[in-house]
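*Asks:* mmCIF, C-alpha atoms, saved as structure_20.cif, coming up:
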```cif
data_work
loop_
_atom_site.label_atom_id
_atom_site.label_comp_id
_atom_site.auth_asym_id
_atom_site.auth_seq_id
_atom_site.Cartn_x
_atom_site.Cartn_y
_atom_site.Cartn_z
CA MET A 1 83.99 55.21 118.87
CA SER A 2 85.65 54.48 115.56
CA GLY A 3 89.21 55.66 115.23
CA ILE A 4 90.79 57.77 112.53
CA HIS A 5 93.34 56.12 110.30
CA VAL A 6 96.38 58.31 109.75
CA SER A 7 99.32 57.78 107.36
CA THR A 8 102.37 59.80 108.16
CA LYS A 9 106.14 59.78 108.15
CA ILE A 10 108.05 59.89 111.41
CA ASN A 11 111.82 60.44 111.35
CA GLY A 12 111.82 59.38 107.71
CA ASP A 13 109.90 56.13 108.18
CA ALA A 14 106.36 55.60 106.93
CA VAL A 15 104.11 55.13 109.97
CA GLU A 16 100.41 54.40 110.14
CA PHE A 17 98.28 54.62 113.24
CA VAL A 18 94.67 54.73 114.33
CA CYS A 19 93.77 57.39 116.86
CA ASP A 20 90.77 58.88 118.59
CA VAL A 21 89.75 62.37 117.49
CA GLU A 22 90.60 63.87 120.88
CA GLU A 23 94.12 62.44 120.97
CA THR A 24 96.94 64.90 120.38
CA LEU A 25 99.99 64.04 118.32
CA LEU A 26 101.85 63.86 121.65
CA ASP A 27 99.35 61.28 122.98
CA VAL A 28 99.82 59.25 119.80
CA LEU A 29 103.62 59.39 119.93
CA ARG A 30 103.82 58.40 123.58
CA ASP A 31 100.86 56.07 124.09
CA LYS A 32 100.29 54.52 120.66
CA LEU A 33 103.77 54.43 119.16
CA GLY A 34 105.87 54.02 122.30
CA MET A 35 107.98 57.05 121.41
CA THR A 36 108.30 58.51 124.88
CA GLY A 37 111.18 60.87 124.14
CA SER A 38 108.75 63.77 123.63
CA LYS A 39 107.60 64.79 127.10
CA GLU A 40 104.29 66.05 128.39
CA GLY A 41 104.88 69.14 130.52
CA CYS A 42 102.03 71.64 130.46
CA SER A 43 99.73 70.35 127.67
CA SER A 44 98.99 73.97 126.79
CA GLY A 45 101.86 74.94 124.48
CA ASP A 46 103.78 76.89 127.12
CA CYS A 47 106.70 74.64 128.06
CA GLY A 48 108.01 73.15 124.81
CA ALA A 49 108.85 69.73 126.33
CA CYS A 50 106.78 68.07 123.58
CA SER A 51 108.53 69.91 120.71
CA VAL A 52 108.59 68.12 117.35
CA THR A 53 108.93 69.31 113.78
CA VAL A 54 106.11 69.07 111.26
CA ASP A 55 107.42 69.35 107.68
CA GLY A 56 110.54 70.84 109.24
CA ARG A 57 108.70 73.47 111.26
CA LEU A 58 108.99 73.51 115.05
CA THR A 59 105.68 72.74 116.77
CA CYS A 60 104.32 71.67 120.14
CA SER A 61 102.93 68.17 119.61
CA CYS A 62 100.44 68.83 122.44
CA LEU A 63 98.86 71.59 120.33
CA MET A 64 98.14 69.33 117.38
CA LEU A 65 95.66 66.50 116.96
CA GLY A 66 97.02 63.14 115.87
CA ALA A 67 94.57 63.31 112.95
CA GLU A 68 96.24 66.50 111.70
CA ALA A 69 99.46 64.55 111.04
CA GLU A 70 97.91 62.90 107.96
CA GLY A 71 100.33 63.21 105.04
CA HIS A 72 102.93 65.18 107.00
CA ASP A 73 106.53 64.57 107.92
CA ILE A 74 107.10 64.48 111.67
CA GLY A 75 110.53 64.79 113.30
CA THR A 76 110.95 63.76 116.94
CA ILE A 77 113.82 63.53 119.40
CA GLU A 78 114.15 59.82 118.55
CA GLY A 79 115.37 60.80 115.09
CA VAL A 80 118.09 63.20 116.23
CA ALA A 81 120.93 60.81 117.10
CA LYS A 82 122.25 58.51 114.39
CA GLY A 83 122.28 55.17 116.20
CA THR A 84 124.66 55.61 119.12
CA GLN A 85 126.22 58.71 117.52
CA LEU A 86 124.83 61.71 119.38
CA HIS A 87 123.96 64.92 117.53
CA PRO A 88 126.43 67.73 118.37
CA ILE A 89 123.69 69.54 120.33
CA GLN A 90 123.13 66.43 122.47
CA GLN A 91 126.86 65.96 123.02
CA LYS A 92 127.34 69.61 124.00
CA ILE A 93 124.44 69.44 126.45
CA LEU A 94 126.26 66.55 128.13
CA ASP A 95 129.64 68.34 128.00
CA HIS A 96 128.21 71.51 129.54
CA ALA A 97 126.14 69.57 132.11
CA ALA A 98 123.19 71.51 130.72
CA LEU A 99 120.52 69.32 132.28
CA GLN A 100 119.43 68.10 135.66
CA CYS A 101 116.09 66.26 135.69
CA GLY A 102 116.11 66.03 131.89
CA VAL A 103 112.39 66.41 131.22
CA CYS A 104 112.86 69.59 129.17
CA THR A 105 115.96 68.32 127.35
CA PRO A 106 114.38 66.54 124.35
CA GLY A 107 112.33 69.66 123.61
CA PHE A 108 115.40 71.87 123.84
CA VAL A 109 117.34 69.57 121.51
CA VAL A 110 114.58 69.46 118.89
CA ALA A 111 114.07 73.23 119.11
CA ALA A 112 117.78 74.07 118.98
CA LYS A 113 118.28 71.73 116.02
CA ALA A 114 115.47 73.49 114.15
CA LEU A 115 117.14 76.83 114.88
CA LEU A 116 120.58 75.77 113.68
CA GLU A 117 119.14 74.33 110.48
CA LYS A 118 117.58 77.74 109.75
CA ASN A 119 120.37 79.87 111.15
CA PRO A 120 123.75 78.15 111.61
CA ASP A 121 125.33 81.22 113.21
CA PRO A 122 122.83 82.72 115.67
CA THR A 123 123.70 85.36 118.25
CA GLU A 124 123.13 84.53 121.90
CA THR A 125 120.08 86.83 121.88
CA GLU A 126 118.66 84.97 118.88
CA VAL A 127 119.15 81.65 120.66
CA ARG A 128 117.46 82.96 123.81
CA PHE A 129 114.44 84.30 121.89
CA TRP A 130 114.13 81.15 119.76
CA LEU A 131 114.17 78.98 122.89
CA ALA A 132 111.81 81.24 124.89
CA GLY A 133 109.10 78.62 124.46
CA ASN A 134 111.19 75.91 126.12
CA LEU A 135 111.02 76.04 129.91
CA CYS A 136 113.59 74.49 132.23
CA ARG A 137 112.91 74.58 135.97
CA CYS A 138 116.32 73.19 137.00
CA THR A 139 119.28 74.75 135.27
CA GLY A 140 118.54 78.45 134.91
CA TYR A 141 119.13 78.25 131.13
CA ASP A 142 122.68 79.56 131.00
CA LYS A 143 124.34 76.20 130.45
CA ILE A 144 121.75 75.27 127.83
CA ILE A 145 122.39 78.46 125.89
CA ARG A 146 126.16 77.90 126.09
CA ALA A 147 125.75 74.32 124.90
CA VAL A 148 123.72 75.44 121.88
CA MET A 149 126.20 78.21 121.01
CA ASP A 150 129.07 75.73 121.33
CA ALA A 151 127.27 73.13 119.19
CA ALA A 152 126.57 75.78 116.55
CA ALA A 153 130.27 76.70 116.43
CA GLU A 154 131.27 73.04 116.13
CA MET A 155 128.73 72.41 113.38
CA ARG A 156 130.13 75.40 111.47
CA GLY A 157 133.54 73.75 111.76
CA GLN A 158 134.99 76.34 114.16
CA MET B 1 83.67 64.69 118.67
CA ARG B 2 83.95 64.30 114.90
CA TYR B 3 86.96 65.48 112.89
CA GLU B 4 86.56 66.58 109.28
CA SER B 5 89.18 67.89 106.91
CA PRO B 6 87.41 69.16 103.77
CA GLN B 7 89.16 70.30 100.59
CA THR B 8 86.99 73.35 99.85
CA ILE B 9 85.68 76.21 101.95
CA GLU B 10 82.15 75.59 100.69
CA ALA B 11 82.32 72.04 102.07
CA ALA B 12 83.75 73.35 105.35
CA SER B 13 80.98 75.91 105.64
CA ALA B 14 78.31 73.29 104.87
CA LEU B 15 79.71 71.01 107.59
CA LEU B 16 79.63 73.82 110.15
CA ALA B 17 76.16 74.96 109.08
CA SER B 18 74.60 71.50 109.27
CA GLU B 19 76.06 70.55 112.64
CA ALA B 20 73.29 70.61 115.26
CA GLY B 21 75.71 70.65 118.16
CA LEU B 22 78.78 72.77 118.87
CA ALA B 23 81.23 73.13 115.98
CA ARG B 24 84.69 74.68 115.88
CA VAL B 25 87.09 75.63 113.09
CA LEU B 26 90.61 74.24 113.50
CA ALA B 27 93.42 76.18 111.81
CA GLY B 28 96.58 76.53 113.93
CA GLY B 29 94.82 75.08 116.95
CA THR B 30 96.95 77.00 119.45
CA ASP B 31 93.80 78.29 121.17
CA LEU B 32 91.41 75.45 120.35
CA LEU B 33 93.62 72.58 121.57
CA VAL B 34 94.16 74.34 124.90
CA GLN B 35 90.40 74.89 125.23
CA LEU B 36 89.71 71.23 124.36
CA ARG B 37 92.24 69.93 126.83
CA SER B 38 91.01 72.13 129.66
CA GLY B 39 87.37 71.21 128.99
CA MET B 40 86.48 74.84 128.25
CA VAL B 41 84.75 73.74 125.04
CA GLU B 42 83.43 70.31 124.10
CA PRO B 43 82.63 70.52 120.40
CA ASP B 44 80.69 67.85 118.54
CA LEU B 45 82.53 68.72 115.34
CA VAL B 46 85.99 70.08 114.54
CA VAL B 47 86.60 71.22 110.97
CA ASP B 48 90.30 71.34 110.04
CA VAL B 49 90.71 73.99 107.31
CA LYS B 50 94.39 73.39 106.54
CA ASN B 51 93.67 71.28 103.46
CA ILE B 52 91.82 74.11 101.72
CA PRO B 53 94.23 75.70 99.20
CA THR B 54 92.73 79.23 99.32
CA MET B 55 93.18 79.25 103.08
CA THR B 56 96.82 78.21 103.11
CA SER B 57 98.35 80.56 100.55
CA ILE B 58 99.62 84.14 100.34
CA THR B 59 98.87 85.84 97.00
CA GLU B 60 99.49 89.28 95.53
CA GLU B 61 96.33 91.14 94.65
CA ASN B 62 95.87 94.74 93.44
CA GLY B 63 99.27 95.72 94.77
CA GLY B 64 98.47 94.29 98.23
CA TYR B 65 98.43 90.80 99.70
CA ARG B 66 95.72 88.26 100.41
CA ILE B 67 96.64 85.99 103.31
CA GLY B 68 94.81 82.68 103.74
CA ALA B 69 93.24 82.28 107.15
CA ALA B 70 95.23 79.12 107.91
CA VAL B 71 98.65 80.61 107.07
CA SER B 72 100.86 80.48 110.15
CA SER B 73 102.56 83.54 111.52
CA ALA B 74 105.96 81.91 110.89
CA VAL B 75 105.16 81.55 107.17
CA MET B 76 103.93 85.16 106.96
CA ASN B 77 107.02 86.46 108.69
CA GLU B 78 109.25 84.63 106.18
CA HIS B 79 107.48 86.38 103.26
CA ALA B 80 109.80 89.18 102.18
CA GLY B 81 107.14 91.16 100.29
CA LEU B 82 104.67 91.13 103.18
CA CYS B 83 107.33 92.09 105.72
CA ALA B 84 108.48 94.98 103.52
CA MET B 85 104.97 96.33 102.89
CA TRP B 86 103.28 95.77 106.28
CA PRO B 87 106.04 95.43 108.90
CA GLY B 88 103.75 96.57 111.72
CA VAL B 89 101.12 93.92 111.01
CA MET B 90 103.79 91.24 110.69
CA GLU B 91 105.52 92.27 113.93
CA GLY B 92 102.21 92.19 115.79
CA ALA B 93 101.62 88.60 114.67
CA ASP B 94 105.23 87.68 115.39
CA LEU B 95 104.83 88.70 119.05
CA ILE B 96 102.28 85.94 119.69
CA GLY B 97 103.69 83.07 121.76
CA SER B 98 106.84 81.05 121.26
CA THR B 99 108.65 79.79 118.15
CA GLN B 100 106.59 76.60 118.50
CA VAL B 101 103.33 78.56 118.63
CA GLN B 102 104.43 80.76 115.70
CA GLY B 103 104.73 77.64 113.55
CA ARG B 104 100.98 77.01 113.89
CA ALA B 105 99.20 80.14 115.09
CA THR B 106 97.29 82.21 112.54
CA MET B 107 96.35 85.89 112.44
CA VAL B 108 92.74 85.04 111.63
CA GLY B 109 92.59 82.67 114.61
CA ASN B 110 93.89 85.53 116.73
CA LEU B 111 91.12 87.72 115.28
CA CYS B 112 88.25 85.22 115.57
CA ASN B 113 89.15 84.13 119.09
CA CYS B 114 88.17 87.72 119.92
CA GLY B 115 90.57 88.28 122.79
CA PRO B 116 90.77 92.05 123.39
CA ALA B 117 94.58 91.83 123.78
CA ALA B 118 95.16 89.93 120.50
CA ASP B 119 98.50 91.26 119.24
CA SER B 120 97.91 90.95 115.50
CA VAL B 121 94.57 92.77 115.48
CA PRO B 122 95.39 96.49 116.14
CA GLY B 123 97.89 96.39 113.26
CA MET B 124 95.29 94.85 110.91
CA VAL B 125 92.75 97.48 111.99
CA ALA B 126 95.28 100.26 111.34
CA ALA B 127 96.02 98.76 107.90
CA ASN B 128 92.27 98.60 107.20
CA ALA B 129 92.51 94.89 106.50
CA ILE B 130 89.39 93.34 104.99
CA ALA B 131 88.29 89.80 105.86
CA THR B 132 86.59 87.60 103.26
CA ILE B 133 83.91 85.49 104.92
CA VAL B 134 82.29 82.46 103.32
CA GLY B 135 79.03 81.09 104.67
CA PRO B 136 75.77 79.40 103.71
CA ASN B 137 74.64 82.64 102.01
CA GLY B 138 77.80 83.07 99.98
CA ARG B 139 80.70 85.45 100.33
CA ARG B 140 80.95 88.81 102.08
CA GLU B 141 83.75 91.24 102.79
CA VAL B 142 84.02 92.79 106.22
CA PRO B 143 86.58 95.20 107.71
CA VAL B 144 88.53 93.41 110.44
CA ILE B 145 87.36 95.95 113.05
CA ASP B 146 83.77 94.68 112.64
CA ILE B 147 84.50 91.04 113.47
CA PRO B 148 85.19 90.96 117.25
CA VAL B 149 82.35 91.95 119.58
CA ALA B 150 83.54 90.87 123.02
CA PRO B 151 85.90 88.21 124.46
CA GLY B 152 85.11 84.96 122.62
CA LYS B 153 82.22 86.57 120.69
CA SER B 154 82.28 87.58 117.00
CA THR B 155 79.87 88.77 114.35
CA LEU B 156 80.33 85.54 112.35
CA ALA B 157 77.04 83.69 111.85
CA LYS B 158 76.61 79.92 112.06
CA GLY B 159 78.40 78.24 109.19
CA GLU B 160 80.56 81.27 108.39
CA ILE B 161 84.35 81.03 108.12
CA VAL B 162 86.92 83.73 107.47
CA GLU B 163 88.67 82.50 104.32
CA SER B 164 91.37 85.16 104.06
CA VAL B 165 92.45 88.63 105.08
CA PHE B 166 93.34 91.24 102.48
CA LEU B 167 96.01 93.81 103.28
CA PRO B 168 95.64 96.57 100.67
CA ALA B 169 98.55 98.13 98.80
CA GLN B 170 100.55 100.36 101.12
CA ALA B 171 100.74 103.98 99.98
CA LYS B 172 103.82 105.24 98.10
CA ARG B 173 104.82 107.16 101.19
CA GLY B 174 103.07 105.08 103.83
CA GLY B 175 104.26 103.16 106.86
CA ASP B 176 102.90 101.17 109.77
CA ALA B 177 104.05 100.02 113.20
CA TYR B 178 102.78 98.06 116.19
CA LEU B 179 103.99 98.38 119.76
CA ARG B 180 102.77 96.65 122.88
CA PHE B 181 103.63 96.87 126.54
CA ILE B 182 104.38 93.72 128.52
CA PRO B 183 106.28 93.59 131.82
CA ARG B 184 108.88 91.18 130.36
CA THR B 185 110.65 90.69 127.05
CA GLU B 186 108.82 87.72 125.50
CA MET B 187 105.94 85.24 125.92
CA ASP B 188 103.33 87.50 127.49
CA ILE B 189 99.95 89.06 126.79
CA ALA B 190 99.68 92.75 125.88
CA VAL B 191 98.79 95.16 128.69
CA VAL B 192 98.28 97.73 125.92
CA GLY B 193 98.87 97.35 122.15
CA VAL B 194 98.80 100.10 119.51
CA GLY B 195 98.94 99.83 115.73
CA VAL B 196 99.47 102.95 113.62
CA ASN B 197 99.34 103.33 109.84
CA ILE B 198 100.03 106.67 108.11
CA GLU B 199 100.26 108.07 104.62
CA LEU B 200 102.17 111.24 103.72
CA ASP B 201 102.06 113.46 100.65
CA ASP B 202 105.20 114.52 98.75
CA SER B 203 105.81 117.41 101.14
CA GLY B 204 105.64 115.10 104.17
CA VAL B 205 102.18 116.15 105.37
CA CYS B 206 100.05 113.32 106.74
CA THR B 207 97.02 112.78 104.50
CA HIS B 208 95.64 109.61 105.99
CA ALA B 209 96.03 107.80 109.31
CA ARG B 210 94.46 104.91 111.19
CA VAL B 211 95.11 103.94 114.80
CA GLY B 212 94.10 100.54 116.21
CA LEU B 213 94.14 100.08 119.98
CA GLY B 214 94.11 96.77 121.84
CA ALA B 215 93.78 95.47 125.43
CA VAL B 216 92.09 98.61 126.78
CA ALA B 217 88.43 97.82 126.04
CA ILE B 218 86.04 94.91 125.53
CA LYS B 219 87.29 94.70 121.93
CA VAL B 220 89.87 96.31 119.65
CA LEU B 221 89.21 100.03 119.02
CA LEU B 222 89.67 102.24 115.96
CA VAL B 223 90.67 105.62 117.39
CA GLU B 224 89.48 108.19 114.87
CA ASP B 225 90.37 111.20 117.03
CA ALA B 226 93.98 110.01 117.21
CA ALA B 227 94.08 109.74 113.41
CA LYS B 228 92.55 113.23 113.06
CA ALA B 229 95.27 114.64 115.30
CA LEU B 230 97.90 113.44 112.80
CA ILE B 231 96.16 114.30 109.52
CA GLY B 232 97.32 117.66 108.16
CA SER B 233 100.47 117.67 110.30
CA LYS B 234 104.06 116.62 109.66
CA LEU B 235 103.87 114.55 112.86
CA ASP B 236 105.56 117.33 114.83
CA ASP B 237 105.60 117.20 118.63
CA ALA B 238 102.36 119.14 119.00
CA ALA B 239 100.47 116.74 116.69
CA LEU B 240 101.96 113.71 118.40
CA GLU B 241 100.99 115.13 121.81
CA LYS B 242 97.42 115.61 120.62
CA MET B 243 97.40 112.10 119.16
CA ALA B 244 98.67 110.58 122.42
CA ALA B 245 95.99 112.41 124.40
CA ALA B 246 93.26 111.25 121.99
CA THR B 247 94.48 107.66 122.28
CA SER B 248 94.46 107.79 126.08
CA ALA B 249 91.01 109.35 126.01
CA ALA B 250 89.65 106.45 123.95
CA CYS B 251 90.68 103.82 126.54
CA LYS B 252 88.01 102.01 128.53
CA PRO B 253 90.24 99.51 130.30
CA ILE B 254 89.78 97.26 133.31
CA ASN B 255 91.99 96.78 136.35
CA ASP B 256 93.58 93.37 136.41
CA LYS B 257 96.78 91.70 137.55
CA ARG B 258 98.59 92.89 134.41
CA GLY B 259 97.78 96.59 134.69
CA THR B 260 95.62 99.22 136.31
CA ILE B 261 93.17 101.50 134.51
CA GLU B 262 95.46 104.51 135.11
CA PHE B 263 98.57 102.70 133.86
CA ARG B 264 96.91 101.34 130.72
CA THR B 265 95.41 104.73 129.88
CA LYS B 266 98.73 106.51 130.18
CA VAL B 267 100.78 103.82 128.37
CA ALA B 268 98.33 103.76 125.46
CA GLY B 269 99.20 107.39 124.69
CA VAL B 270 102.93 106.80 125.08
CA LEU B 271 102.91 103.77 122.77
CA ALA B 272 100.71 105.52 120.18
CA ARG B 273 103.18 108.39 119.92
CA ARG B 274 106.17 106.02 119.65
CA ALA B 275 104.43 103.83 117.06
CA ALA B 276 103.53 106.91 114.99
CA LYS B 277 107.19 107.94 114.95
CA ILE B 278 108.25 104.48 113.75
CA ALA B 279 105.50 104.55 111.08
CA LEU B 280 106.77 107.98 109.96
CA GLU B 281 110.32 106.75 109.62
CA ARG B 282 109.16 103.70 107.68
CA ALA B 283 107.03 105.83 105.35
CA ASN B 284 110.04 108.00 104.52
CA VAL B 285 112.39 105.03 104.05
CA ARG B 286 109.80 103.42 101.79
CA ALA B 287 109.42 106.59 99.70
CA ASN B 288 113.21 106.95 99.36
CA LYS B 289 113.59 103.31 98.33
CA ARG B 290 110.91 103.72 95.70
CA ALA B 291 112.60 106.85 94.40
CA SER B 292 115.95 105.08 94.11
CA ASN B 293 114.29 102.10 92.40
CA GLY B 294 112.84 104.40 89.75
CA GLY B 295 109.34 104.32 91.20
CA GLU B 296 109.01 100.55 91.34
CA LYS B 297 107.45 98.77 94.30
#
```
Show me, as structure tokens, the structure contained in the file I just sent.

*Replies:*
Amino acid sequence: MSGIHVSTKINGDAVEFVCDVEETLLDVLRDKLGMTGSKEGCSSGDCGACSVTVDGRLTCSCLMLGAEAEGHDIGTIEGVAKGTQLHPIQQKILDHAALQCGVCTPGFVVAAKALLEKNPDPTETEVRFWLAGNLCRCTGYDKIIRAVMDAAAEMRGQ
Amino acid sequence: MRYESPQTIEAASALLASEAGLARVLAGGTDLLVQLRSGMVEPDLVVDVKNIPTMTSITEENGGYRIGAAVSSAVMNEHAGLCAMWPGVMEGADLIGSTQVQGRATMVGNLCNCGPAADSVPGMVAANAIATIVGPNGRREVPVIDIPVAPGKSTLAKGEIVESVFLPAQAKRGGDAYLRFIPRTEMDIAVVGVGVNIELDDSGVCTHARVGLGAVAIKVLLVEDAAKALIGSKLDDAALEKMAAATSAACKPINDKRGTIEFRTKVAGVLARRAAKIALERANVRANKRASNGGEK
């Protein structure tokens, strides 16, 4: 089968790849581009472990074909830290011990970052609803929510 | 499987019409990708419609709004004009899935997937939304209620695509609402869903009403007896009671793990009454806002 040639931008860098029609963006990121930060949890859009942004909008990369990325701007967990400088959300997740196995964490970070870019001062309820599509089977969510609230406060300079 | 991403709806329709095997339209993909991955469908052709300008835009038309079939629910729910005019329709769409799903999922996908519990559909039915369909024989306009037939089955012929949905101008003193019951707060499928749209005259008497009912039959229902119970009243308790009873009477639900026949039938009436009250309040707020804006929209 002949592949589809796709030109896209990932974390600000121009990236080209060739993929099969059936491959999802998540398959491409992990298996073709070696970007294994986005995780495969459910493959049905329920768990959010594969969260990325497409043109700034939060999306499950398992619910999108690689071919659909043509001409779009993709943001992944690999683009969140600046070198060794963690993003405040990442740092606060460490500070609050808001992870155990860590499989859901990249998805939570990408999703929370998208929220804070849209709404820098969310209520706890808003954070919980926004993150309802990110499942964690270890922590019980409370520490994650606290980490995001704390990061939001720090980013607002409080 | 072949992937095509045409620039016009005519090209998309021609691709679908000429495919001998199984073809699927790809808009948000939040249903299709799950079906592909699980092996539920194995199409020979997937036609991505997101590069067709008429399918990805929201435009004002005759005082209402035309919404392209590939516009995501997140984009719709960020549109101030749409949210002000048709809050019930927008809330119904907004209840579908997570933030991630909202960023892709479309109202027309929700409609054409033909799930009886589709959250955005009762509100569209209540609003009397009209779908524009493009196919090998040209264009046709069809009320949304006439598109679903049964789970996974629609009245669309081979090669036909819904291009857009038109929400007409809301009445001067009109309002709509959608309520659903789920046993949790988020990320679930409706056990019952009710959309109500009403129009009042200057003295507050209901002159027009439509009630859309989801998840209690093989497809979405338009409950004319519930609308009749409201028309001519000021939505007093007696009228609302009659409307609730008519809504319950229209239910033909199944028993499943999410609800029994008895529960769904009763809840349908309760939600219809509550949604009508919200629609009433919105109609009055809308009329007052118009009055204070000197009659402007």

*Asks:* Report the residues retrieved by the PyMOL selection byres ((chain A and resi 145-147) around 8) from the displayed file, expressed as a ChimeraX atom specification.

*Replies:* /A:89,92-93,95-96,98,124,127-128,141-144,148-151

*Asks:* Residues of chain A within 8 Å of chain B, counting all atoms listed in the file, what are they? List them as a CSV table (one decimal) with C-alpha atoms, in the coordinates of the input.

*Replies:*
```
chain,number,residue,atom,x,y,z
A,21,VAL,CA,89.8,62.4,117.5
A,22,GLU,CA,90.6,63.9,120.9
A,43,SER,CA,99.7,70.4,127.7
A,44,SER,CA,99.0,74.0,126.8
A,45,GLY,CA,101.9,74.9,124.5
A,46,ASP,CA,103.8,76.9,127.1
A,48,GLY,CA,108.0,73.2,124.8
A,51,SER,CA,108.5,69.9,120.7
A,57,ARG,CA,108.7,73.5,111.3
A,58,LEU,CA,109.0,73.5,115.0
A,59,THR,CA,105.7,72.7,116.8
A,60,CYS,CA,104.3,71.7,120.1
A,62,CYS,CA,100.4,68.8,122.4
A,63,LEU,CA,98.9,71.6,120.3
A,64,MET,CA,98.1,69.3,117.4
A,65,LEU,CA,95.7,66.5,117.0
A,67,ALA,CA,94.6,63.3,113.0
A,68,GLU,CA,96.2,66.5,111.7
A,129,PHE,CA,114.4,84.3,121.9
A,130,TRP,CA,114.1,81.2,119.8
A,131,LEU,CA,114.2,79.0,122.9
A,132,ALA,CA,111.8,81.2,124.9
A,133,GLY,CA,109.1,78.6,124.5
```

*Asks:* If I take CA of Asn62 in chain B and CA of Asn113 in chain B, how far is one from the other in Å, to one decimal?

*Replies:*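 Answer for the CA of Asn62 in chain B to CA of Asn113 in chain B separation: 28.6 Å.
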
*Asks:* With distances taken over all atoms listed in the file, which of B:Val149, B:Ala250, B:Leu240, B:Ala227 is nearest to Lys277 in chain B?

*Replies:*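 Looking only at the distances to Lys277 in chain B, the closest residue turns out to be B:Leu240.
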
*Asks:* Going by the chain IDs and residue numbers used in this file, which residues fall under the PyMOL selection byres ((chain A and resi 107-121) around 7)? Write them as number ranges by chain.

*Replies:* A: 38, 48-52, 58, 77, 89-90, 104-106, 122-123, 131, 134, 148, 152, 156

*Asks:* When you draw a straight line from CA of Gly123 in chain B to CA of Lys252 in chain B, how long is it in Å?

*Replies:* 19.0 Å

*Asks:* Could you check which of B:Ala268, B:Met107, B:Leu280, B:Ala275 is closest to Tyr178 in chain B, using all atoms listed in the file?

*Replies:*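 Using all atoms listed in the file, the shortest distance to Tyr178 in chain B belongs to B:Ala275.
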
*Asks:* Quick one: residues within 6 Å of His208 in chain B, only C-alpha atoms, excluding same-chain residues fewer than 3 positions away - as number ranges by chain?

*Replies:* B: 198-199, 231

*Asks:* Just the residues within 10 Å of range 256-267 of chain B, please, counting only C-alpha atoms, with nothing from its chain fewer than 3 positions along; format it as a VMD selection string.

*Replies:* chain B and resid 180 to 183 188 to 194 215 to 216 244 to 245 247 to 253 270 to 273

*Asks:* Given the selection you just returned, output its residues as a file containing C-alpha atoms, formatted as a PDB file, in the coordinates of the input.

*Replies:*
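Dumped to result26.pdb:
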```
ATOM      1  CA  ARG B 180     102.770  96.650 122.880  1.00  0.00           C
ATOM      2  CA  PHE B 181     103.630  96.870 126.540  1.00  0.00           C
ATOM      3  CA  ILE B 182     104.380  93.720 128.520  1.00  0.00           C
ATOM      4  CA  PRO B 183     106.280  93.590 131.820  1.00  0.00           C
ATOM      5  CA  ASP B 188     103.330  87.500 127.490  1.00  0.00           C
ATOM      6  CA  ILE B 189      99.950  89.060 126.790  1.00  0.00           C
ATOM      7  CA  ALA B 190      99.680  92.750 125.880  1.00  0.00           C
ATOM      8  CA  VAL B 191      98.790  95.160 128.690  1.00  0.00           C
ATOM      9  CA  VAL B 192      98.280  97.730 125.920  1.00  0.00           C
ATOM     10  CA  GLY B 193      98.870  97.350 122.150  1.00  0.00           C
ATOM     11  CA  VAL B 194      98.800 100.100 119.510  1.00  0.00           C
ATOM     12  CA  ALA B 215      93.780  95.470 125.430  1.00  0.00           C
ATOM     13  CA  VAL B 216      92.090  98.610 126.780  1.00  0.00           C
ATOM     14  CA  ALA B 244      98.670 110.580 122.420  1.00  0.00           C
ATOM     15  CA  ALA B 245      95.990 112.410 124.400  1.00  0.00           C
ATOM     16  CA  THR B 247      94.480 107.660 122.280  1.00  0.00           C
ATOM     17  CA  SER B 248      94.460 107.790 126.080  1.00  0.00           C
ATOM     18  CA  ALA B 249      91.010 109.350 126.010  1.00  0.00           C
ATOM     19  CA  ALA B 250      89.650 106.450 123.950  1.00  0.00           C
ATOM     20  CA  CYS B 251      90.680 103.820 126.540  1.00  0.00           C
ATOM     21  CA  LYS B 252      88.010 102.010 128.530  1.00  0.00           C
ATOM     22  CA  PRO B 253      90.240  99.510 130.300  1.00  0.00           C
ATOM     23  CA  VAL B 270     102.930 106.800 125.080  1.00  0.00           C
ATOM     24  CA  LEU B 271     102.910 103.770 122.770  1.00  0.00           C
ATOM     25  CA  ALA B 272     100.710 105.520 120.180  1.00  0.00           C
ATOM     26  CA  ARG B 273     103.180 108.390 119.920  1.00  0.00           C
TER      27      ARG B 273
END
```

*Asks:* Between B:Leu213, B:Leu167, B:Ile278, B:Ile218, which residue has the minimum interatomic distance to Ala246 in chain B, considering only C-alpha atoms?

*Replies:* B:Leu213

*Asks:* Considering all atoms listed in the file, state which residue in the set A:Cys136, A:Asp27, A:Asp20, A:Leu33 is at the smallest distance from Gln100 in chain A.

*Replies:* A:Cys136

*Asks:* Do you know which residues the PyMOL selection byres ((chain A and resi 70-75) around 9) returns on this file, as JSON, numbers by chain?

*Replies:* {"A": [5, 6, 7, 8, 9, 10, 11, 12, 52, 53, 54, 55, 56, 66, 67, 68, 69, 76, 77, 78, 79, 80, 110]}

*Asks:* Using only C-alpha atoms, find the one residue out of B:Val223, B:Val165, B:Ile52, B:Ala283 that sits nearest to Gln7 in chain B.

*Replies:*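 Looking only at the distances to Gln7 in chain B, the closest residue turns out to be B:Ile52.
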
*Asks:* Which polymer residues, protein or nucleic acid, are no farther than 10 Å from (93.6, 79.0, 106.4), counting all atoms listed in the file, as an MDAnalysis selection string?

*Replies:* chainID B and resid 9 25:28 48:58 67:72 106:109 161:165

*Asks:* Enclose all atoms of range 120-135 of chain A listed in the file in an axis-aligned box, grow every side by 3 Å, and hand back centre and edge lengths in Å to one decimal, as AutoDock Vina command-line options.

*Replies:*
```
--center_x 117.2 --center_y 81.4 --center_z 120.8 --size_x 22.2 --size_y 16.9 --size_z 24.3
```
